[in-house]
file final33.txt (compact mmCIF, C-alpha atoms and all ligand atoms)
# COMPACT_ATOMS: atom_id res chain seq x y z
CA MET Q 211 -11.88 0.13 -34.35
CA SER Q 212 -13.33 0.52 -37.86
CA LYS Q 213 -13.62 -2.20 -40.49
CA ALA Q 214 -10.84 -0.52 -42.46
CA GLU Q 215 -8.40 -1.07 -39.59
CA GLY Q 216 -8.99 -4.80 -39.95
CA LYS Q 217 -9.38 -7.61 -37.45
CA LEU Q 218 -7.11 -8.25 -34.54
CA PRO Q 219 -5.76 -11.82 -34.47
CA VAL Q 220 -7.60 -12.52 -31.21
CA ALA Q 221 -10.47 -14.93 -30.46
CA ILE Q 222 -13.26 -13.58 -28.24
CA LEU Q 223 -15.70 -16.07 -26.77
CA VAL Q 224 -19.35 -15.02 -26.46
CA PRO Q 225 -21.40 -17.51 -24.45
CA GLY Q 226 -25.18 -17.54 -24.89
CA ASP Q 227 -27.43 -14.66 -25.86
CA PHE Q 228 -25.71 -11.31 -26.42
CA ASN Q 229 -26.39 -7.74 -27.52
CA GLY Q 230 -26.61 -7.45 -31.33
CA HIS Q 231 -24.61 -4.22 -31.61
CA ALA Q 232 -21.83 -5.63 -29.42
CA LEU Q 233 -21.76 -8.85 -31.47
CA GLY Q 234 -21.44 -6.84 -34.70
CA ARG Q 235 -18.52 -4.87 -33.33
CA ILE Q 236 -16.77 -7.96 -31.93
CA ASP Q 237 -17.17 -9.65 -35.30
CA GLU Q 238 -15.59 -6.67 -37.04
CA ALA Q 239 -12.63 -6.30 -34.70
CA PHE Q 240 -11.90 -9.89 -33.58
CA LYS Q 241 -12.58 -13.52 -34.33
CA CYS Q 242 -15.92 -14.06 -32.60
CA VAL Q 243 -16.51 -17.55 -31.19
CA ARG Q 244 -19.99 -18.48 -29.95
CA ILE Q 245 -21.01 -21.24 -27.55
CA GLU Q 246 -24.45 -21.96 -26.14
CA ARG Q 247 -23.63 -21.09 -22.54
CA ALA Q 248 -20.68 -20.42 -20.24
CA ASP Q 249 -20.08 -24.07 -19.47
CA PRO Q 250 -16.58 -25.62 -19.33
CA SER Q 251 -17.96 -28.83 -20.86
CA LEU Q 252 -18.60 -26.88 -24.10
CA VAL Q 253 -14.98 -25.70 -24.34
CA THR Q 254 -13.35 -27.50 -27.29
CA ASP Q 255 -9.60 -27.96 -27.68
CA GLU Q 256 -9.57 -25.15 -30.25
CA ILE Q 257 -11.40 -22.76 -27.91
CA ARG Q 258 -9.08 -23.73 -25.08
CA ALA Q 259 -6.04 -23.01 -27.23
CA THR Q 260 -7.18 -19.77 -28.86
CA VAL Q 261 -9.61 -17.78 -26.71
CA ARG Q 262 -8.06 -14.72 -25.03
CA GLY Q 263 -11.19 -12.75 -24.17
CA ILE Q 264 -14.82 -13.25 -23.12
CA ALA Q 265 -17.70 -10.86 -23.72
CA SER Q 266 -20.76 -11.87 -21.77
CA TYR Q 267 -24.15 -11.13 -20.22
CA ALA Q 268 -23.86 -14.47 -18.53
CA GLY Q 269 -22.17 -15.33 -15.27
CA ILE Q 270 -18.57 -16.54 -15.56
CA GLU Q 271 -17.63 -18.93 -12.79
CA ALA Q 272 -14.19 -20.04 -11.63
CA ALA Q 273 -14.37 -23.32 -13.56
CA MET Q 274 -15.00 -21.46 -16.83
CA ILE Q 275 -12.00 -19.21 -16.17
CA ASP Q 276 -9.86 -22.27 -15.41
CA ALA Q 277 -11.01 -23.97 -18.63
CA LEU Q 278 -9.40 -21.18 -20.71
CA PRO Q 279 -5.63 -21.07 -20.02
CA ASN Q 280 -5.02 -18.16 -22.43
CA LEU Q 281 -7.86 -16.01 -21.11
CA GLU Q 282 -6.78 -12.41 -20.41
CA ILE Q 283 -10.00 -10.42 -20.05
CA ILE Q 284 -13.70 -10.85 -19.26
CA ALA Q 285 -15.73 -7.90 -20.57
CA SER Q 286 -18.97 -8.15 -18.64
CA PHE Q 287 -22.04 -6.43 -20.10
CA GLY Q 288 -23.60 -4.45 -17.24
CA VAL Q 289 -22.35 -2.52 -14.23
CA GLY Q 290 -23.26 -5.25 -11.73
CA TYR Q 291 -20.79 -8.13 -12.07
CA ASP Q 292 -21.85 -10.29 -9.11
CA SER Q 293 -22.25 -13.27 -11.48
CA VAL Q 294 -18.58 -13.08 -12.53
CA ASP Q 295 -16.05 -14.61 -10.15
CA ALA Q 296 -13.84 -11.50 -10.19
CA ALA Q 297 -11.80 -12.61 -7.16
CA HIS Q 298 -10.85 -15.84 -8.94
CA ALA Q 299 -10.14 -13.92 -12.16
CA ALA Q 300 -7.76 -11.64 -10.21
CA LYS Q 301 -5.94 -14.68 -8.81
CA ARG Q 302 -5.52 -16.05 -12.32
CA GLY Q 303 -4.31 -12.66 -13.65
CA VAL Q 304 -7.47 -12.17 -15.71
CA MET Q 305 -8.87 -8.63 -16.09
CA VAL Q 306 -12.61 -8.07 -15.53
CA THR Q 307 -14.35 -4.98 -16.90
CA ASN Q 308 -17.94 -3.75 -16.48
CA THR Q 309 -20.05 -0.90 -17.93
CA PRO Q 310 -20.48 1.81 -15.25
CA ASP Q 311 -21.82 5.36 -15.73
CA VAL Q 312 -23.32 4.96 -19.22
CA LEU Q 313 -26.50 3.43 -17.71
CA THR Q 314 -26.74 5.48 -14.51
CA GLU Q 315 -29.37 8.02 -15.63
CA GLU Q 316 -31.53 5.40 -17.38
CA VAL Q 317 -31.63 3.13 -14.33
CA ALA Q 318 -32.37 6.09 -12.04
CA ASP Q 319 -35.27 7.10 -14.32
CA THR Q 320 -36.61 3.54 -14.18
CA ALA Q 321 -36.34 3.51 -10.39
CA ILE Q 322 -38.43 6.69 -10.14
CA GLY Q 323 -40.99 5.29 -12.60
CA LEU Q 324 -41.23 2.07 -10.61
CA LEU Q 325 -41.61 3.96 -7.33
CA ILE Q 326 -44.42 6.13 -8.69
CA ASN Q 327 -46.15 3.14 -10.29
CA THR Q 328 -45.94 1.27 -6.99
CA VAL Q 329 -47.61 4.00 -4.94
CA ARG Q 330 -50.02 5.41 -7.55
CA GLU Q 331 -51.04 2.10 -9.25
CA LEU Q 332 -50.56 3.47 -12.79
CA TYR Q 333 -50.40 0.03 -14.41
CA ALA Q 334 -53.64 -1.08 -12.75
CA ALA Q 335 -55.32 2.23 -13.61
CA GLU Q 336 -54.33 1.96 -17.28
CA LYS Q 337 -55.56 -1.64 -17.34
CA TRP Q 338 -58.88 -0.39 -15.90
CA LEU Q 339 -59.20 2.01 -18.86
CA ARG Q 340 -58.09 -0.51 -21.51
CA ASP Q 341 -60.43 -3.21 -20.15
CA GLY Q 342 -63.38 -0.81 -20.58
CA ASP Q 343 -64.02 -0.62 -16.82
CA TRP Q 344 -63.97 3.19 -16.84
CA VAL Q 345 -67.07 3.12 -19.09
CA THR Q 346 -68.85 0.23 -17.41
CA LYS Q 347 -67.83 0.62 -13.75
CA GLY Q 348 -66.82 4.27 -13.38
CA ASN Q 349 -63.68 5.89 -12.03
CA TYR Q 350 -60.64 3.89 -11.02
CA ARG Q 351 -60.33 3.73 -7.21
CA LEU Q 352 -58.26 6.30 -5.35
CA SER Q 353 -54.75 5.00 -4.73
CA ARG Q 354 -54.25 4.04 -1.08
CA LEU Q 355 -50.70 5.36 -1.17
CA THR Q 356 -49.03 8.59 -2.20
CA LEU Q 357 -45.50 9.81 -2.73
CA CYS Q 358 -46.33 13.03 -0.89
CA GLY Q 359 -44.77 13.29 2.55
CA ARG Q 360 -42.58 10.18 2.18
CA ARG Q 361 -39.13 9.85 3.71
CA VAL Q 362 -36.83 7.95 1.38
CA GLY Q 363 -33.92 5.70 2.28
CA ILE Q 364 -31.43 4.58 -0.35
CA PHE Q 365 -29.58 1.30 0.21
CA GLY Q 366 -26.51 1.67 -2.01
CA MET Q 367 -25.66 5.36 -2.42
CA GLY Q 368 -23.29 4.82 -5.36
CA ARG Q 369 -23.47 6.20 -8.89
CA ILE Q 370 -27.09 5.15 -9.46
CA GLY Q 371 -28.16 5.78 -5.86
CA ARG Q 372 -26.97 9.38 -6.14
CA ALA Q 373 -28.79 9.83 -9.47
CA VAL Q 374 -31.99 8.55 -7.81
CA ALA Q 375 -31.44 10.89 -4.86
CA ARG Q 376 -30.94 13.89 -7.16
CA ARG Q 377 -34.30 13.18 -8.80
CA LEU Q 378 -36.04 12.74 -5.46
CA GLU Q 379 -34.68 16.06 -4.21
CA ALA Q 380 -36.76 17.69 -6.97
CA PHE Q 381 -39.82 15.96 -5.45
CA GLY Q 382 -39.03 17.70 -2.15
CA LEU Q 383 -38.58 14.42 -0.26
CA PRO Q 384 -36.03 14.01 2.55
CA ILE Q 385 -33.33 11.44 1.74
CA ALA Q 386 -31.18 9.20 3.90
CA TYR Q 387 -28.89 6.30 2.95
CA HIS Q 388 -26.92 3.26 4.02
CA ASN Q 389 -23.57 2.14 2.58
CA ARG Q 390 -20.76 0.38 4.38
CA ARG Q 391 -18.93 3.71 4.35
CA LYS Q 392 -20.31 7.24 4.70
CA VAL Q 393 -19.83 9.21 1.48
CA GLU Q 394 -17.73 12.25 2.38
CA GLY Q 395 -19.23 15.54 1.27
CA LEU Q 396 -22.72 14.12 0.74
CA ALA Q 397 -25.32 16.02 2.73
CA TYR Q 398 -27.92 13.22 3.02
CA GLU Q 399 -28.38 11.61 6.45
CA TYR Q 400 -26.15 8.51 6.80
CA HIS Q 401 -27.11 5.34 8.68
CA ALA Q 402 -24.42 2.84 9.60
CA THR Q 403 -26.90 -0.06 9.49
CA LEU Q 404 -29.63 -1.00 7.04
CA LYS Q 405 -32.07 -1.59 9.90
CA GLY Q 406 -31.29 1.89 11.25
CA LEU Q 407 -32.06 3.34 7.83
CA ALA Q 408 -35.33 1.37 7.56
CA GLU Q 409 -36.41 2.63 10.98
CA ALA Q 410 -35.79 6.24 9.92
CA VAL Q 411 -37.75 6.13 6.62
CA ASP Q 412 -40.98 4.71 5.14
CA THR Q 413 -39.69 4.19 1.59
CA LEU Q 414 -36.63 2.05 0.92
CA ILE Q 415 -34.97 1.94 -2.50
CA CYS Q 416 -32.35 -0.75 -2.97
CA ILE Q 417 -29.70 -0.10 -5.60
CA ALA Q 418 -26.88 -2.00 -3.90
CA PRO Q 419 -24.85 -4.65 -5.78
CA GLY Q 420 -25.57 -8.36 -5.43
CA GLY Q 421 -23.08 -10.84 -3.97
CA ALA Q 422 -22.21 -12.30 -0.59
CA SER Q 423 -22.04 -9.00 1.31
CA THR Q 424 -25.66 -8.08 0.50
CA GLU Q 425 -27.22 -11.57 0.31
CA LYS Q 426 -30.78 -11.36 1.76
CA ALA Q 427 -29.85 -8.14 3.58
CA VAL Q 428 -33.42 -6.90 3.13
CA ASN Q 429 -35.01 -9.37 5.53
CA ALA Q 430 -38.13 -9.57 7.73
CA GLU Q 431 -36.59 -7.32 10.37
CA VAL Q 432 -35.68 -4.57 7.89
CA LEU Q 433 -39.09 -4.76 6.20
CA SER Q 434 -40.95 -4.58 9.49
CA ALA Q 435 -38.84 -1.56 10.49
CA LEU Q 436 -40.21 0.24 7.39
CA GLY Q 437 -43.70 -0.04 8.90
CA SER Q 438 -47.22 -0.57 7.61
CA ASN Q 439 -47.07 2.49 5.32
CA GLY Q 440 -43.75 1.19 4.02
CA VAL Q 441 -42.83 0.89 0.36
CA PHE Q 442 -39.87 -1.16 -0.80
CA VAL Q 443 -38.38 -0.73 -4.28
CA ASN Q 444 -35.63 -2.99 -5.60
CA ILE Q 445 -33.71 -2.09 -8.74
CA GLY Q 446 -30.36 -3.52 -7.56
CA ARG Q 447 -30.26 -7.33 -7.43
CA GLY Q 448 -32.88 -9.90 -6.38
CA SER Q 449 -30.37 -11.77 -4.22
CA THR Q 450 -30.27 -8.79 -1.85
CA VAL Q 451 -33.82 -9.53 -0.68
CA ASP Q 452 -35.28 -12.42 1.26
CA GLU Q 453 -38.18 -12.93 -1.17
CA ALA Q 454 -40.10 -15.22 1.19
CA ALA Q 455 -39.94 -12.57 3.93
CA LEU Q 456 -40.98 -9.91 1.41
CA THR Q 457 -44.02 -11.95 0.35
CA THR Q 458 -45.03 -12.42 3.99
CA ALA Q 459 -44.61 -8.69 4.66
CA LEU Q 460 -46.79 -7.81 1.65
CA GLU Q 461 -49.47 -10.36 2.64
CA SER Q 462 -49.57 -9.44 6.32
CA GLY Q 463 -49.54 -5.69 5.79
CA ALA Q 464 -46.19 -5.35 7.58
CA ILE Q 465 -45.37 -3.12 4.59
CA ALA Q 466 -47.84 -1.51 2.17
CA ALA Q 467 -46.34 -2.23 -1.25
CA ALA Q 468 -43.25 -3.23 -3.22
CA GLY Q 469 -41.88 -2.40 -6.67
CA LEU Q 470 -39.40 -4.93 -8.05
CA ASP Q 471 -37.29 -4.86 -11.21
CA VAL Q 472 -34.99 -7.69 -10.12
CA PHE Q 473 -35.50 -11.19 -8.70
CA ALA Q 474 -33.37 -13.88 -7.10
CA ASP Q 475 -33.91 -16.48 -9.86
CA GLU Q 476 -34.57 -14.52 -13.05
CA PRO Q 477 -36.57 -14.95 -15.21
CA ASN Q 478 -38.51 -17.02 -12.69
CA VAL Q 479 -40.61 -14.89 -10.34
CA PRO Q 480 -42.14 -16.59 -7.29
CA GLN Q 481 -45.88 -17.22 -7.74
CA SER Q 482 -46.48 -15.59 -4.36
CA LEU Q 483 -45.11 -12.29 -5.70
CA LEU Q 484 -47.06 -12.63 -8.97
CA ASP Q 485 -50.19 -13.09 -6.84
CA ALA Q 486 -49.52 -10.10 -4.55
CA PRO Q 487 -51.87 -7.23 -5.53
CA ASN Q 488 -49.60 -4.73 -3.79
CA ALA Q 489 -46.50 -5.65 -5.81
CA SER Q 490 -45.49 -3.85 -9.01
CA LEU Q 491 -43.24 -6.13 -11.07
CA LEU Q 492 -40.92 -5.41 -13.99
CA PRO Q 493 -38.76 -7.89 -15.98
CA HIS Q 494 -35.31 -6.37 -15.19
CA VAL Q 495 -35.66 -3.38 -17.53
CA GLY Q 496 -33.66 -0.82 -15.52
CA SER Q 497 -31.23 -0.07 -18.36
CA ALA Q 498 -33.29 -1.56 -21.17
CA SER Q 499 -33.60 1.18 -23.78
CA VAL Q 500 -32.02 0.95 -27.24
CA HIS Q 501 -30.01 4.10 -26.45
CA THR Q 502 -28.52 2.87 -23.17
CA ARG Q 503 -27.95 -0.74 -24.20
CA ARG Q 504 -26.01 0.53 -27.23
CA ALA Q 505 -23.83 2.68 -24.96
CA MET Q 506 -23.25 -0.35 -22.69
CA ALA Q 507 -22.42 -2.50 -25.73
CA ASP Q 508 -19.92 0.08 -26.96
CA LEU Q 509 -18.21 0.32 -23.57
CA CYS Q 510 -18.09 -3.48 -23.25
CA VAL Q 511 -16.40 -3.83 -26.67
CA ASP Q 512 -14.22 -0.71 -26.22
CA ASN Q 513 -12.73 -2.42 -23.16
CA LEU Q 514 -11.74 -5.41 -25.32
CA VAL Q 515 -10.32 -3.18 -28.05
CA ALA Q 516 -8.33 -1.08 -25.54
CA TRP Q 517 -7.00 -4.23 -23.89
CA PHE Q 518 -5.80 -5.87 -27.10
CA THR Q 519 -4.46 -2.69 -28.76
CA GLU Q 520 -3.20 -0.53 -25.88
CA ARG Q 521 -2.91 -3.29 -23.22
CA ARG Q 522 -5.10 -1.39 -20.73
CA PRO Q 523 -8.74 -1.64 -19.66
CA LEU Q 524 -11.12 1.35 -19.69
CA THR Q 525 -13.38 0.36 -16.80
CA PRO Q 526 -11.78 -2.39 -14.68
CA VAL Q 527 -13.68 -3.68 -11.64
CA PRO Q 528 -11.94 -3.01 -8.29
CA GLU Q 529 -10.94 -6.66 -7.75
CA THR Q 530 -8.78 -6.71 -10.90
CA LEU Q 531 -7.36 -3.16 -10.78
CA ASN Q 532 -3.86 -4.54 -10.31
CA VAL Q 533 -4.01 -7.13 -13.08
CA LYS Q 534 -1.45 -6.30 -15.73
CA ALA Q 535 -1.57 -7.25 -19.40
CA ARG Q 536 0.72 -10.17 -20.24
CA ALA Q 537 3.78 -9.31 -22.28
P1 LIG I 1 -21.72 1.64 -7.35
O1 LIG I 1 -21.47 3.02 -7.82
O2 LIG I 1 -20.59 0.72 -7.13
O3 LIG I 1 -22.61 1.76 -6.02
C1 LIG I 1 -22.84 0.70 -5.17
C2 LIG I 1 -23.10 1.26 -3.79
O4 LIG I 1 -23.52 0.20 -2.93
C3 LIG I 1 -21.87 1.89 -3.17
O5 LIG I 1 -22.22 3.14 -2.67
C4 LIG I 1 -21.46 0.94 -2.07
O6 LIG I 1 -20.92 1.66 -0.96
C5 LIG I 1 -22.80 0.28 -1.71
N1 LIG I 1 -22.59 -1.07 -1.20
C6 LIG I 1 -21.90 -2.08 -1.78
N2 LIG I 1 -21.90 -3.16 -1.00
C7 LIG I 1 -22.60 -2.85 0.10
C8 LIG I 1 -22.94 -3.54 1.28
N3 LIG I 1 -22.55 -4.80 1.49
N4 LIG I 1 -23.68 -2.90 2.22
C9 LIG I 1 -24.07 -1.62 2.04
N5 LIG I 1 -23.78 -0.90 0.92
C10 LIG I 1 -23.05 -1.50 -0.02
O7 LIG I 1 -22.68 0.88 -8.38
P2 LIG I 1 -23.84 1.49 -9.31
O8 LIG I 1 -23.28 1.83 -10.63
O9 LIG I 1 -24.59 2.50 -8.55
O10 LIG I 1 -24.74 0.16 -9.48
C11 LIG I 1 -25.29 -0.45 -8.34
C12 LIG I 1 -25.95 -1.78 -8.67
O11 LIG I 1 -27.15 -1.56 -9.38
C13 LIG I 1 -25.19 -2.72 -9.60
O12 LIG I 1 -24.18 -3.42 -8.91
C14 LIG I 1 -26.28 -3.63 -10.12
O13 LIG I 1 -26.43 -4.75 -9.29
C15 LIG I 1 -27.53 -2.77 -10.03
N6 LIG I 1 -28.07 -2.42 -11.37
C16 LIG I 1 -29.31 -2.85 -11.73
C17 LIG I 1 -29.81 -2.50 -12.96
C18 LIG I 1 -31.16 -2.94 -13.41
O14 LIG I 1 -31.39 -3.03 -14.61
N7 LIG I 1 -32.08 -3.21 -12.50
C19 LIG I 1 -29.05 -1.74 -13.84
C20 LIG I 1 -27.80 -1.31 -13.43
C21 LIG I 1 -27.31 -1.65 -12.18
P3 LIG I 1 -19.86 0.97 0.04
O15 LIG I 1 -18.82 0.31 -0.81
O16 LIG I 1 -19.35 2.10 0.89
O17 LIG I 1 -20.63 -0.02 0.86
C1 LIG I 2 -28.55 -5.24 -17.38
C2 LIG I 2 -27.85 -4.63 -14.98
O1 LIG I 2 -29.87 -5.68 -17.47
O2 LIG I 2 -25.96 -3.30 -15.45
C3 LIG I 2 -26.50 -4.09 -14.67
O3 LIG I 2 -25.98 -4.44 -13.61
O4 LIG I 2 -28.43 -5.30 -14.21
C4 LIG I 2 -28.53 -4.27 -16.26
O5 LIG I 2 -28.13 -3.05 -16.76
C5 LIG I 2 -27.71 -6.43 -17.39
O6 LIG I 2 -26.41 -6.19 -17.04
C6 LIG I 2 -27.74 -7.07 -18.77
O7 LIG I 2 -26.92 -8.16 -18.77

call {"tool": "encode", "arguments": {"input": "final33.txt", "output": "structure tokens"}}
result
Amino acid sequence: MSKAEGKLPVAILVPGDFNGHALGRIDEAFKCVRIERADPSLVTDEIRATVRGIASYAGIEAAMIDALPNLEIIASFGVGYDSVDAAHAAKRGVMVTNTPDVLTEEVADTAIGLLINTVRELYAAEKWLRDGDWVTKGNYRLSRLTLCGRRVGIFGMGRIGRAVARRLEAFGLPIAYHNRRKVEGLAYEYHATLKGLAEAVDTLICIAPGGASTEKAVNAEVLSALGSNGVFVNIGRGSTVDEAALTTALESGAIAAAGLDVFADEPNVPQSLLDAPNASLLPHVGSASVHTRRAMADLCVDNLVAWFTERRPLTPVPETLNVKARA
């Protein structure tokens, strides 16, 4: 919706920090209401009476949904929506949308970069150069690990998992995967259990969603099945990994190295992982380019605009597929 088309008479609540481009567009198309965080205790009588939509990075829990009786839609910024109580939203007749597809290639690129950095120590090698060690101490050490000859397992062969797999095919690496259901028509080897997948490969890339069904699925048993040459990369959600077990596996040599973009309690990263020399750590930057975040912002706001003009969502999450716009 352009400025010329004017504002819709709808209040959209934006709790906490939010994308600047999305905020600009919400401000143009709606009445934008800001609060510090998604906390029912911050909901004033006016917000309670007027807010019909939420746009958010932040998690939206059941109590927040219940605090807004006129709420119709939660436009979540990101494809993963494990921090939004979508099941409760569905019960309350509230639509939830996310931002799939527009970030797939960016996140897959980041996953490949993180994998290569984890095995070839590029960050440490660059630090060696920048610190002057190349001049004073000589060549950077040979990396213990290599990508050559690896067998890769993908935990979560969805949109991003497939984009990662396509890239790895070009590296000539064999690929296997685990999902709850085999993907029909996909030629990669399927494993019905995550442990079975870990036993069959030496490199495990997690790009599965967070939430109860994957909580700490990557545990000591799975890590030990990867073996002492094993590399674990997580670009999905931190909650999917037992971080204590991962630390132990890195310390004991049960696996060789890990590359992590996501953590259980972001932005807090356990000291034990910060201290692990065989861990490559990124601050959740999978989709974090100006280009891709703008596309995500547009899709997030386009969902709100479509809902309040055409009474339909563009990218509803499966839990709220059957939610209908109120008359
Ligand atoms: P998607 O297309 O929905 O793919 C998710 C895949 O995971 C599906 O193939 C699904 O297959 C599988 N899966 C779900 N639950 C599972 C379970 N309990 N056990 C085994 N497999 C399971 O989603 P996507 O677009 O690829 O995104 C995936 C996730 O990436 C997001 O949910 C988000 O958490 C994460 N992400 C991270 C970043 C970042 O910046 N690091 C950026 C974007 C996304 P089945 O349903 O058959 O099990
Ligand atoms: C974003 C993500 O960092 O899309 C996701 O699931 O994890 C990332 O793209 C996040 O959504 C920003 O809030």

call {"tool": "residues_near_ligand", "arguments": {"input": "final33.txt", "ligand": "ligand LIG 1 (chain I)", "cutoff": "8 Å", "atoms": "only C-alpha atoms and all ligand atoms", "output": "MDAnalysis selection string"}}
result
chainID Q and resid 288:292 310:311 313:314 317 365:372 388:393 404 417:420 422:424 444:447 471:472 494:498

call {"tool": "closest_residue", "arguments": {"input": "final33.txt", "among": "Q:Ala474, Q:Ala486, Q:Leu491, Q:Ala386", "to": "Ser462 in chain Q", "atoms": "all atoms listed in the file"}}
result
Q:Ala486

call {"tool": "residues_around", "arguments": {"input": "final33.txt", "residues": "range 451-455 of chain Q", "least_positions_apart": "6", "cutoff": "7 Å", "atoms": "only C-alpha atoms", "output": "PyMOL selection string"}}
result
chain Q and resi 425-430

call {"tool": "residues_around", "arguments": {"input": "final33.txt", "residues": "range 326-328 of chain Q", "least_positions_apart": "5", "cutoff": "12 Å", "atoms": "only C-alpha atoms", "output": "PyMOL selection string"}}
result
chain Q and resi 319-321+333-336+353-358+360+378+381+413+415+440-444+466-471+487-492

call {"tool": "closest_residue", "arguments": {"input": "final33.txt", "among": "Q:Leu332, Q:Cys510, Q:Val261, Q:Val432", "to": "ligand LIG 2 (chain I)", "atoms": "only C-alpha atoms and all ligand atoms"}}
result
Q:Cys510

call {"tool": "atom_distance", "arguments": {"input": "final33.txt", "atom1": "CA of Leu484 in chain Q", "atom2": "CA of Glu461 in chain Q"}}
result
12.1 Å

call {"tool": "closest_residue", "arguments": {"input": "final33.txt", "among": "Q:Ala507, Q:Ala300, Q:Leu278, Q:Val224", "to": "Ser251 in chain Q", "atoms": "only C-alpha atoms"}}
result
Q:Leu278

call {"tool": "closest_residue", "arguments": {"input": "final33.txt", "among": "Q:Thr254, Q:Gly303, Q:Thr309, Q:Ala408", "to": "Asp508 in chain Q", "atoms": "all atoms listed in the file"}}
result
Q:Thr309

call {"tool": "atom_distance", "arguments": {"input": "final33.txt", "atom1": "CA of Lys241 in chain Q", "atom2": "CA of Glu529 in chain Q"}}
result
27.5 Å

call {"tool": "atom_distance", "arguments": {"input": "final33.txt", "atom1": "CA of Thr346 in chain Q", "atom2": "CA of Gly323 in chain Q"}}
result
28.7 Å

call {"tool": "closest_residue", "arguments": {"input": "final33.txt", "among": "Q:Ile283, Q:Leu483, Q:Val411, Q:Leu436", "to": "Ala464 in chain Q", "atoms": "only C-alpha atoms"}}
result
Q:Leu436

call {"tool": "closest_residue", "arguments": {"input": "final33.txt", "among": "Q:Ala537, Q:Leu414, Q:Leu223, Q:Leu514", "to": "Thr260 in chain Q", "atoms": "all atoms listed in the file"}}
result
Q:Leu223

call {"tool": "axis_aligned_box", "arguments": {"input": "final33.txt", "around": "range 514-521 of chain Q", "padding_each_side": "3 Å", "output": "JSON"}}
result
{"center_x": -7.3, "center_y": -3.2, "center_z": -26.0, "size_x": 14.8, "size_y": 11.3, "size_z": 11.5}

call {"tool": "residues_around", "arguments": {"input": "final33.txt", "residues": "Lys217 in chain Q", "least_positions_apart": "5", "cutoff": "7 Å", "atoms": "all atoms listed in the file", "output": "ChimeraX atom specification"}}
result
/Q:238-240

call {"tool": "residues_near_point", "arguments": {"input": "final33.txt", "point": "(-22.0, -19.9, -22.1)", "cutoff": "10 Å", "atoms": "only C-alpha atoms", "output": "ChimeraX atom specification"}}
result
/Q:223-227,244-253,264,266-270,274

call {"tool": "write_last_selection", "arguments": {"input": "final33.txt", "atoms": "C-alpha atoms", "output": "compact mmCIF listing (two decimals), in the frame of the given file"}}
result
# COMPACT_ATOMS: atom_id res chain seq x y z
CA LEU Q 223 -15.70 -16.07 -26.77
CA VAL Q 224 -19.35 -15.02 -26.46
CA PRO Q 225 -21.40 -17.51 -24.45
CA GLY Q 226 -25.18 -17.54 -24.89
CA ASP Q 227 -27.43 -14.66 -25.86
CA ARG Q 244 -19.99 -18.48 -29.95
CA ILE Q 245 -21.01 -21.24 -27.55
CA GLU Q 246 -24.45 -21.96 -26.14
CA ARG Q 247 -23.63 -21.09 -22.54
CA ALA Q 248 -20.68 -20.42 -20.24
CA ASP Q 249 -20.08 -24.07 -19.47
CA PRO Q 250 -16.58 -25.62 -19.33
CA SER Q 251 -17.96 -28.83 -20.86
CA LEU Q 252 -18.60 -26.88 -24.10
CA VAL Q 253 -14.98 -25.70 -24.34
CA ILE Q 264 -14.82 -13.25 -23.12
CA SER Q 266 -20.76 -11.87 -21.77
CA TYR Q 267 -24.15 -11.13 -20.22
CA ALA Q 268 -23.86 -14.47 -18.53
CA GLY Q 269 -22.17 -15.33 -15.27
CA ILE Q 270 -18.57 -16.54 -15.56
CA MET Q 274 -15.00 -21.46 -16.83

call {"tool": "residues_around", "arguments": {"input": "final33.txt", "residues": "Ala299 in chain Q", "least_positions_apart": "6", "cutoff": "10 Å", "atoms": "only C-alpha atoms", "output": "compact mmCIF listing (two decimals) with C-alpha atoms, in the coordinates of the input"}}
result
# COMPACT_ATOMS: atom_id res chain seq x y z
CA ILE Q 270 -18.57 -16.54 -15.56
CA GLU Q 271 -17.63 -18.93 -12.79
CA ALA Q 272 -14.19 -20.04 -11.63
CA ILE Q 275 -12.00 -19.21 -16.17
CA ASP Q 276 -9.86 -22.27 -15.41
CA LEU Q 281 -7.86 -16.01 -21.11
CA GLU Q 282 -6.78 -12.41 -20.41
CA ILE Q 283 -10.00 -10.42 -20.05
CA ILE Q 284 -13.70 -10.85 -19.26
CA MET Q 305 -8.87 -8.63 -16.09
CA VAL Q 306 -12.61 -8.07 -15.53
CA GLU Q 529 -10.94 -6.66 -7.75
CA THR Q 530 -8.78 -6.71 -10.90
CA VAL Q 533 -4.01 -7.13 -13.08

call {"tool": "decode", "arguments": {"input": "final33.txt", "residues": "range 230-245 of chain Q", "atoms": "C-alpha atoms", "output": "JSON list (two decimals), in the first residue's frame"}}
result
[["chain", "number", "residue", "atom", "x", "y", "z"],
["Q", 230, "GLY", "CA", 13.20, -0.30, 10.43],
["Q", 231, "HIS", "CA", 11.81, -0.89, 6.94],
["Q", 232, "ALA", "CA", 8.86, -2.86, 8.35],
["Q", 233, "LEU", "CA", 8.19, -0.13, 10.93],
["Q", 234, "GLY", "CA", 8.16, 2.52, 8.19],
["Q", 235, "ARG", "CA", 5.67, 0.56, 6.14],
["Q", 236, "ILE", "CA", 3.42, -0.19, 9.14],
["Q", 237, "ASP", "CA", 3.45, 3.49, 10.02],
["Q", 238, "GLU", "CA", 2.39, 4.40, 6.48],
["Q", 239, "ALA", "CA", -0.41, 1.86, 6.19],
["Q", 240, "PHE", "CA", -1.74, 1.56, 9.77],
["Q", 241, "LYS", "CA", -1.73, 3.17, 13.18],
["Q", 242, "CYS", "CA", 1.50, 1.81, 14.67],
["Q", 243, "VAL", "CA", 1.48, 1.29, 18.44],
["Q", 244, "ARG", "CA", 4.77, 0.51, 20.21],
["Q", 245, "ILE", "CA", 5.33, -1.12, 23.59]]
